[in-house]
$ cat protein-v4.txt   # compact mmCIF, C-alpha atoms and all ligand atoms
# COMPACT_ATOMS: atom_id res chain seq x y z
CA MET A 1 -179.56 -47.97 184.09
CA LYS A 2 -177.62 -48.56 180.87
CA THR A 3 -175.35 -51.22 182.28
CA LYS A 4 -173.94 -52.28 178.92
CA LEU A 5 -172.82 -48.72 178.21
CA LEU A 6 -171.29 -48.49 181.68
CA ARG A 7 -169.26 -51.65 181.06
CA GLU A 8 -168.22 -50.58 177.57
CA THR A 9 -167.00 -47.18 178.70
CA PHE A 10 -165.00 -48.65 181.59
CA GLU A 11 -163.51 -51.23 179.24
CA ARG A 12 -162.45 -48.39 176.93
CA ALA A 13 -160.98 -46.54 179.92
CA ARG A 14 -158.77 -49.59 180.61
CA THR A 15 -157.25 -49.61 177.15
CA GLU A 16 -157.30 -46.02 175.87
CA ASN A 17 -155.02 -43.05 176.63
CA GLY A 18 -152.61 -44.88 178.96
CA GLY A 19 -155.32 -46.94 180.66
CA LEU A 20 -156.41 -46.87 184.30
CA THR A 21 -153.07 -45.62 185.60
CA SER A 22 -153.37 -42.40 183.67
CA LEU A 23 -157.09 -42.08 184.50
CA GLY A 24 -156.49 -42.78 188.20
CA MET A 25 -153.52 -40.44 188.55
CA ARG A 26 -155.43 -37.68 186.78
CA PHE A 27 -158.38 -38.31 189.13
CA TYR A 28 -156.29 -37.41 192.20
CA GLY A 29 -154.41 -34.61 190.40
CA ARG A 30 -157.66 -32.90 189.50
CA LEU A 31 -159.40 -33.72 192.79
CA PHE A 32 -156.69 -32.02 194.87
CA GLU A 33 -156.52 -29.08 192.47
CA LYS A 34 -160.24 -28.46 192.39
CA TYR A 35 -161.15 -29.54 195.93
CA PRO A 36 -158.03 -28.79 198.03
CA ALA A 37 -160.04 -29.18 201.25
CA VAL A 38 -160.17 -32.98 200.83
CA ARG A 39 -156.43 -33.41 200.32
CA PRO A 40 -155.54 -33.76 204.04
CA LEU A 41 -157.90 -36.74 204.34
CA PHE A 42 -155.64 -38.80 202.09
CA THR A 43 -152.51 -40.31 203.60
CA THR A 44 -151.92 -43.04 201.02
CA PRO A 45 -149.95 -41.60 198.06
CA PRO A 46 -151.94 -41.27 194.79
CA GLU A 47 -149.60 -43.84 193.16
CA GLN A 48 -151.13 -46.49 195.43
CA GLN A 49 -154.51 -44.98 196.16
CA HIS A 50 -155.50 -44.75 192.49
CA LYS A 51 -155.09 -48.53 192.08
CA LYS A 52 -157.57 -49.13 194.94
CA LEU A 53 -160.08 -46.67 193.54
CA MET A 54 -159.85 -48.11 190.03
CA ALA A 55 -160.14 -51.68 191.37
CA SER A 56 -163.25 -50.71 193.35
CA ILE A 57 -164.83 -49.14 190.28
CA GLY A 58 -163.91 -52.23 188.25
CA SER A 59 -165.65 -54.39 190.88
CA ILE A 60 -168.72 -52.15 190.88
CA VAL A 61 -169.01 -52.20 187.09
CA ALA A 62 -168.52 -55.98 186.98
CA ALA A 63 -171.21 -56.57 189.63
CA VAL A 64 -173.69 -53.97 188.43
CA GLU A 65 -176.27 -56.63 187.59
CA ASN A 66 -175.61 -58.56 190.78
CA PRO A 67 -177.06 -56.48 193.63
CA GLU A 68 -176.81 -59.34 196.19
CA ALA A 69 -173.03 -58.98 195.97
CA LEU A 70 -172.81 -55.30 195.11
CA VAL A 71 -175.04 -53.77 197.77
CA PRO A 72 -173.30 -55.31 200.83
CA PHE A 73 -169.93 -54.45 199.24
CA LEU A 74 -171.03 -50.79 198.98
CA HIS A 75 -172.44 -50.78 202.52
CA ALA A 76 -169.08 -52.04 203.80
CA MET A 77 -167.22 -49.47 201.74
CA GLY A 78 -169.43 -46.64 202.99
CA ILE A 79 -168.83 -47.71 206.58
CA ARG A 80 -165.04 -47.94 206.01
CA HIS A 81 -165.17 -44.33 204.83
CA LEU A 82 -166.21 -43.25 208.34
CA LYS A 83 -162.64 -44.04 209.33
CA TYR A 84 -161.37 -41.80 206.52
CA LYS A 85 -163.40 -38.82 207.82
CA THR A 86 -165.38 -38.53 204.62
CA GLU A 87 -168.36 -36.19 204.68
CA ASP A 88 -171.60 -36.71 202.74
CA ALA A 89 -171.03 -33.45 200.88
CA HIS A 90 -167.76 -34.80 199.43
CA TYR A 91 -169.54 -37.43 197.37
CA GLY A 92 -170.78 -34.87 194.85
CA ALA A 93 -167.22 -33.61 194.38
CA VAL A 94 -165.85 -37.12 193.85
CA ALA A 95 -168.56 -37.92 191.29
CA GLU A 96 -168.09 -34.61 189.46
CA ASN A 97 -164.35 -35.24 189.39
CA LEU A 98 -164.61 -38.82 188.17
CA ILE A 99 -166.95 -37.84 185.35
CA ALA A 100 -164.72 -34.92 184.33
CA VAL A 101 -161.57 -37.06 184.16
CA LEU A 102 -163.40 -39.91 182.44
CA SER A 103 -164.66 -37.46 179.84
CA GLU A 104 -161.12 -36.10 179.20
CA HIS A 105 -159.71 -39.63 179.14
CA LEU A 106 -162.17 -41.08 176.64
CA SER A 107 -162.24 -38.00 174.42
CA LYS A 108 -158.56 -38.46 173.56
CA GLU A 109 -159.01 -41.51 171.34
CA GLY A 110 -162.75 -41.73 170.84
CA GLU A 111 -166.10 -40.34 171.77
CA TRP A 112 -167.62 -39.17 175.04
CA THR A 113 -171.34 -38.61 174.70
CA GLU A 114 -174.14 -37.09 176.79
CA GLU A 115 -175.56 -40.60 177.10
CA MET A 116 -172.32 -41.82 178.68
CA LYS A 117 -172.29 -38.84 181.03
CA ASP A 118 -175.89 -39.47 182.11
CA THR A 119 -175.19 -43.17 182.65
CA TRP A 120 -172.13 -42.51 184.83
CA GLN A 121 -173.96 -39.79 186.73
CA GLU A 122 -176.82 -42.14 187.51
CA ALA A 123 -174.44 -44.94 188.54
CA LEU A 124 -172.38 -42.70 190.82
CA LYS A 125 -175.49 -41.21 192.38
CA THR A 126 -176.74 -44.70 193.24
CA VAL A 127 -173.35 -45.86 194.54
CA SER A 128 -172.95 -42.72 196.67
CA SER A 129 -176.42 -42.96 198.16
CA ILE A 130 -175.90 -46.61 199.14
CA MET A 131 -172.52 -45.80 200.74
CA ILE A 132 -173.89 -42.72 202.55
CA GLU A 133 -176.94 -44.59 203.85
CA ALA A 134 -174.72 -47.26 205.45
CA ALA A 135 -172.31 -44.67 206.87
CA THR A 136 -175.24 -42.74 208.35
CA ASN A 137 -176.78 -45.80 210.04
CA PRO A 138 -173.94 -48.32 210.48
CA GLN A 139 -175.77 -50.12 213.29
CA LEU A 140 -178.50 -51.18 210.85
CA TYR A 141 -175.97 -53.06 208.72
CA LYS A 142 -174.06 -55.03 211.37
CA GLU A 143 -175.93 -58.26 210.68
CA GLU A 144 -175.67 -57.97 206.91
CA LEU A 145 -171.96 -57.22 207.15
CA LEU A 146 -171.37 -60.26 209.35
CA GLN A 147 -173.34 -62.48 206.99
CA THR A 148 -171.33 -61.31 204.01
CA GLY A 149 -167.98 -61.74 205.74
CA TYR A 150 -167.26 -58.18 206.86
CA GLY A 151 -166.65 -56.85 210.35
CA ALA A 152 -168.86 -54.11 211.81
CA ASP A 153 -166.22 -51.57 210.66
CA GLY A 154 -166.59 -52.72 207.04
CA PHE A 155 -163.19 -54.40 206.89
CA ARG A 156 -162.63 -58.12 206.38
CA GLN A 157 -160.27 -60.19 208.42
CA ASN A 158 -157.46 -61.61 206.32
CA ASP A 159 -158.45 -59.55 203.32
CA PRO A 160 -155.84 -56.94 202.47
CA GLU A 161 -157.91 -55.74 199.50
CA PRO A 162 -161.48 -55.04 200.72
CA TRP A 163 -162.05 -52.80 197.66
CA LYS A 164 -162.38 -55.86 195.42
CA ILE A 165 -165.50 -58.02 195.25
CA ARG A 166 -164.43 -61.56 196.05
CA GLU A 167 -165.38 -64.96 194.63
CA ALA A 168 -167.18 -65.69 191.42
CA VAL A 169 -169.89 -63.12 192.19
CA THR A 170 -168.62 -60.75 189.53
CA GLY A 171 -169.33 -63.39 186.88
C1 LIG A 201 -167.93 -43.33 194.54
C2 LIG A 201 -167.57 -43.23 195.81
C3 LIG A 201 -166.26 -43.72 196.34
C4 LIG A 201 -165.56 -44.86 196.05
C5 LIG A 201 -165.92 -45.95 195.04
C6 LIG A 201 -164.35 -44.85 196.87
C7 LIG A 201 -163.40 -45.84 196.89
C8 LIG A 201 -162.36 -45.91 197.80
C9 LIG A 201 -161.50 -47.05 197.98
C10 LIG A 201 -161.56 -48.32 197.17
C11 LIG A 201 -160.62 -46.76 198.98
C12 LIG A 201 -159.50 -47.69 199.50
C13 LIG A 201 -159.71 -48.12 200.93
C14 LIG A 201 -160.94 -48.97 201.19
O1 LIG A 201 -161.48 -49.62 200.28
O2 LIG A 201 -161.35 -49.00 202.35
C15 LIG A 201 -160.94 -45.43 199.44
C16 LIG A 201 -160.26 -44.75 200.45
C17 LIG A 201 -160.47 -43.45 200.74
N1 LIG A 201 -161.45 -42.63 200.24
FE1 LIG A 201 -162.91 -43.18 198.96
N2 LIG A 201 -164.35 -43.71 197.64
C18 LIG A 201 -165.48 -43.01 197.33
C19 LIG A 201 -165.84 -41.79 197.88
C20 LIG A 201 -165.01 -41.01 198.65
C21 LIG A 201 -165.30 -39.66 199.05
C22 LIG A 201 -166.57 -38.88 198.69
C23 LIG A 201 -164.25 -39.23 199.78
C24 LIG A 201 -164.09 -37.85 200.38
C25 LIG A 201 -163.13 -37.06 200.06
C26 LIG A 201 -163.30 -40.32 199.86
C27 LIG A 201 -162.11 -40.30 200.56
C28 LIG A 201 -161.32 -41.40 200.80
C29 LIG A 201 -160.18 -41.39 201.71
C30 LIG A 201 -159.68 -40.20 202.51
C31 LIG A 201 -159.64 -42.68 201.69
C32 LIG A 201 -158.44 -43.20 202.49
C33 LIG A 201 -157.21 -42.90 201.70
C34 LIG A 201 -155.95 -43.27 202.44
O3 LIG A 201 -155.71 -44.46 202.69
O4 LIG A 201 -155.16 -42.36 202.69
N3 LIG A 201 -163.79 -41.39 199.16
N4 LIG A 201 -161.99 -44.94 198.72
$ encode --input "protein-v4.txt" --output "structure tokens" --more "lines below"
Ligand code: HEM
Amino acid sequence: MKTKLLRETFERARTENGGLTSLGMRFYGRLFEKYPAVRPLFTTPPEQQHKKLMASIGSIVAAVENPEALVPFLHAMGIRHLKYKTEDAHYGAVAENLIAVLSEHLSKEGEWTEEMKDTWQEALKTVSSIMIEAATNPQLYKEELLQTGYGADGFRQNDPEPWKIREAVTG
């Protein structure tokens, strides 16, 4: 995977066209417009939810070359999504939506290329399959979750922000 390109594009997303707030708000605006069936799953308002999503993507991008930290983080996140009533089929919609809004966002001040699209598609496919695998077989990940500080439900005690990778693991 072109990890350097992934980092560079996310770094641009932070600074261009109103930054991650505008990207994140557009993500939920477009998601609910294009996939109205998922709207009822969300109870947290987009103004707060988008910060969590963007922080999780920031953590993923930062740890992309550090699978020992990233993979358990994604397993925990996939298992937390069981509580949110997420279905496997929704992952394609979320990835399509993220790539569409990222493309709009980065095209405003600079370039969005096929290479960037392919890189993000590959990254989101990998992330989704790791999350889905854990959500499908949560019992297989109990031990790993415990060892990496998560509960069996994917949450961490005393951690109000489980969508961020902790410690110096992100380098
Ligand atoms: C790339 C895959 C995804 C990532 C990185 C992601 C990230 C997040 C994060 C960071 C949260 C905050 C809570 C937590 O961390 O436990 C969250 C909550 C949530 N996600 Fe996802 N998610 C993904 C896929 C999906 C999909 C496919 C759906 C299905 C529609 C979905 C629906 C939800 C819902 C309903 C919540 C709870 C919102 C609330 O509090 O009201 N997510 N997600």
$ residues_near_ligand --input "protein-v4.txt" --ligand "ligand LIG 201 (chain A)" --cutoff "8 Å" --atoms "only C-alpha atoms and all ligand atoms" --output "compact mmCIF listing (two decimals) with C-alpha atoms, in the coordinates of the input"
# COMPACT_ATOMS: atom_id res chain seq x y z
CA VAL A 38 -160.17 -32.98 200.83
CA ARG A 39 -156.43 -33.41 200.32
CA PRO A 40 -155.54 -33.76 204.04
CA LEU A 41 -157.90 -36.74 204.34
CA PHE A 42 -155.64 -38.80 202.09
CA THR A 43 -152.51 -40.31 203.60
CA THR A 44 -151.92 -43.04 201.02
CA PRO A 45 -149.95 -41.60 198.06
CA GLN A 49 -154.51 -44.98 196.16
CA LYS A 52 -157.57 -49.13 194.94
CA LEU A 53 -160.08 -46.67 193.54
CA MET A 54 -159.85 -48.11 190.03
CA ALA A 55 -160.14 -51.68 191.37
CA SER A 56 -163.25 -50.71 193.35
CA ILE A 57 -164.83 -49.14 190.28
CA ILE A 60 -168.72 -52.15 190.88
CA MET A 77 -167.22 -49.47 201.74
CA GLY A 78 -169.43 -46.64 202.99
CA ARG A 80 -165.04 -47.94 206.01
CA HIS A 81 -165.17 -44.33 204.83
CA TYR A 84 -161.37 -41.80 206.52
CA LYS A 85 -163.40 -38.82 207.82
CA THR A 86 -165.38 -38.53 204.62
CA GLU A 87 -168.36 -36.19 204.68
CA ASP A 88 -171.60 -36.71 202.74
CA ALA A 89 -171.03 -33.45 200.88
CA HIS A 90 -167.76 -34.80 199.43
CA TYR A 91 -169.54 -37.43 197.37
CA GLY A 92 -170.78 -34.87 194.85
CA ALA A 93 -167.22 -33.61 194.38
CA VAL A 94 -165.85 -37.12 193.85
CA ALA A 95 -168.56 -37.92 191.29
CA LEU A 124 -172.38 -42.70 190.82
CA VAL A 127 -173.35 -45.86 194.54
CA SER A 128 -172.95 -42.72 196.67
CA MET A 131 -172.52 -45.80 200.74
CA GLY A 154 -166.59 -52.72 207.04
CA PHE A 155 -163.19 -54.40 206.89
CA GLU A 161 -157.91 -55.74 199.50
CA PRO A 162 -161.48 -55.04 200.72
CA TRP A 163 -162.05 -52.80 197.66
CA LYS A 164 -162.38 -55.86 195.42
$ closest_residue --input "protein-v4.txt" --among "A:Phe73, A:Phe10, A:Trp120, A:Tyr150" --to "A:Leu23" --atoms "all atoms listed in the file"
A:Phe10
$ residues_around --input "protein-v4.txt" --residues "A:Ile99" --least-positions-apart "6" --cutoff "12 Å" --atoms "all atoms listed in the file" --output "JSON, numbers by chain"
{"A": [9, 10, 13, 23, 24, 26, 27, 30, 31, 92, 93, 105, 106, 107, 112, 113, 114, 116, 117, 118, 119, 120, 121, 122, 123, 124, 125]}
$ atom_distance --input "protein-v4.txt" --atom1 "atom CA of A:Leu74" --atom2 "atom CA of A:Ser22"
24.8 Å
$ residues_around --input "protein-v4.txt" --residues "A:Glu11" --least-positions-apart "6" --cutoff "10 Å" --atoms "only C-alpha atoms" --output "list of chain:residue names"
A:Leu5, A:Gly19, A:Leu20, A:Gly58, A:Val61
$ atom_distance --input "protein-v4.txt" --atom1 "atom CA of A:Pro46" --atom2 "atom CA of A:Asn158"
24.0 Å
$ closest_residue --input "protein-v4.txt" --among "A:Leu70, A:Leu82, A:Ala62, A:Ala37" --to "A:Ile132" --atoms "all atoms listed in the file"
A:Leu82
$ closest_residue --input "protein-v4.txt" --among "A:Met25, A:Glu8, A:Gln147, A:Thr15" --to "A:Val101" --atoms "all atoms listed in the file"
A:Met25
$ closest_residue --input "protein-v4.txt" --among "A:Ile165, A:Asn97, A:Asp153, A:Lys108" --to "A:Phe32" --atoms "all atoms listed in the file"
A:Asn97
$ atom_distance --input "protein-v4.txt" --atom1 "atom CA of A:Gln139" --atom2 "atom CA of A:Lys83"
15.0 Å
$ axis_aligned_box --input "protein-v4.txt" --around "stretch 50-58 of chain A" --padding-each-side "3 Å" --output "lines of an AutoDock Vina configuration file"
center_x = -160.0
center_y = -48.5
center_z = 191.6
size_x = 15.7
size_y = 13.5
size_z = 12.7
$ closest_residue --input "protein-v4.txt" --among "A:Glu16, A:Asn66, A:Glu115, A:Glu96" --to "A:Tyr35" --atoms "all atoms listed in the file"
A:Glu96
$ closest_residue --input "protein-v4.txt" --among "A:Ile79, A:Gly151, A:Ala100, A:Gly29" --to "A:Pro138" --atoms "only C-alpha atoms"
A:Ile79
$ build_atoms --input "protein-v4.txt" --residues "stretch 39-53 of chain A" --atoms "N, CA and C atoms" --output "short mmCIF file (atom, residue, chain, number, x, y, z; two decimals), in the coordinates of the input"
data_model
loop_
_atom_site.label_atom_id
_atom_site.label_comp_id
_atom_site.auth_asym_id
_atom_site.auth_seq_id
_atom_site.Cartn_x
_atom_site.Cartn_y
_atom_site.Cartn_z
N ARG A 39 -157.77 -32.85 200.42
CA ARG A 39 -156.43 -33.41 200.32
C ARG A 39 -155.92 -33.98 201.65
N PRO A 40 -156.08 -33.24 202.76
CA PRO A 40 -155.54 -33.76 204.04
C PRO A 40 -156.15 -35.08 204.49
N LEU A 41 -157.29 -35.47 203.94
CA LEU A 41 -157.90 -36.74 204.34
C LEU A 41 -157.10 -37.93 203.81
N PHE A 42 -156.35 -37.70 202.74
CA PHE A 42 -155.64 -38.80 202.09
C PHE A 42 -154.22 -38.91 202.61
N THR A 43 -153.89 -40.08 203.15
CA THR A 43 -152.51 -40.31 203.60
C THR A 43 -151.77 -41.26 202.65
N THR A 44 -152.54 -42.13 201.99
CA THR A 44 -151.92 -43.04 201.02
C THR A 44 -151.57 -42.25 199.77
N PRO A 45 -150.32 -42.38 199.26
CA PRO A 45 -149.95 -41.60 198.06
C PRO A 45 -150.81 -41.98 196.85
N PRO A 46 -151.10 -41.01 195.97
CA PRO A 46 -151.94 -41.27 194.79
C PRO A 46 -151.46 -42.47 193.97
N GLU A 47 -150.14 -42.71 193.94
CA GLU A 47 -149.60 -43.84 193.16
C GLU A 47 -150.18 -45.17 193.63
N GLN A 48 -150.50 -45.26 194.93
CA GLN A 48 -151.13 -46.49 195.43
C GLN A 48 -152.64 -46.36 195.50
N GLN A 49 -153.08 -45.19 195.95
CA GLN A 49 -154.51 -44.98 196.16
C GLN A 49 -155.30 -45.16 194.85
N HIS A 50 -154.72 -44.70 193.73
CA HIS A 50 -155.50 -44.75 192.49
C HIS A 50 -155.78 -46.20 192.07
N LYS A 51 -154.87 -47.12 192.45
CA LYS A 51 -155.09 -48.53 192.08
C LYS A 51 -156.30 -49.08 192.85
N LYS A 52 -156.43 -48.66 194.12
CA LYS A 52 -157.57 -49.13 194.94
C LYS A 52 -158.88 -48.58 194.38
N LEU A 53 -158.86 -47.29 194.06
CA LEU A 53 -160.08 -46.67 193.54
C LEU A 53 -160.49 -47.33 192.22
#
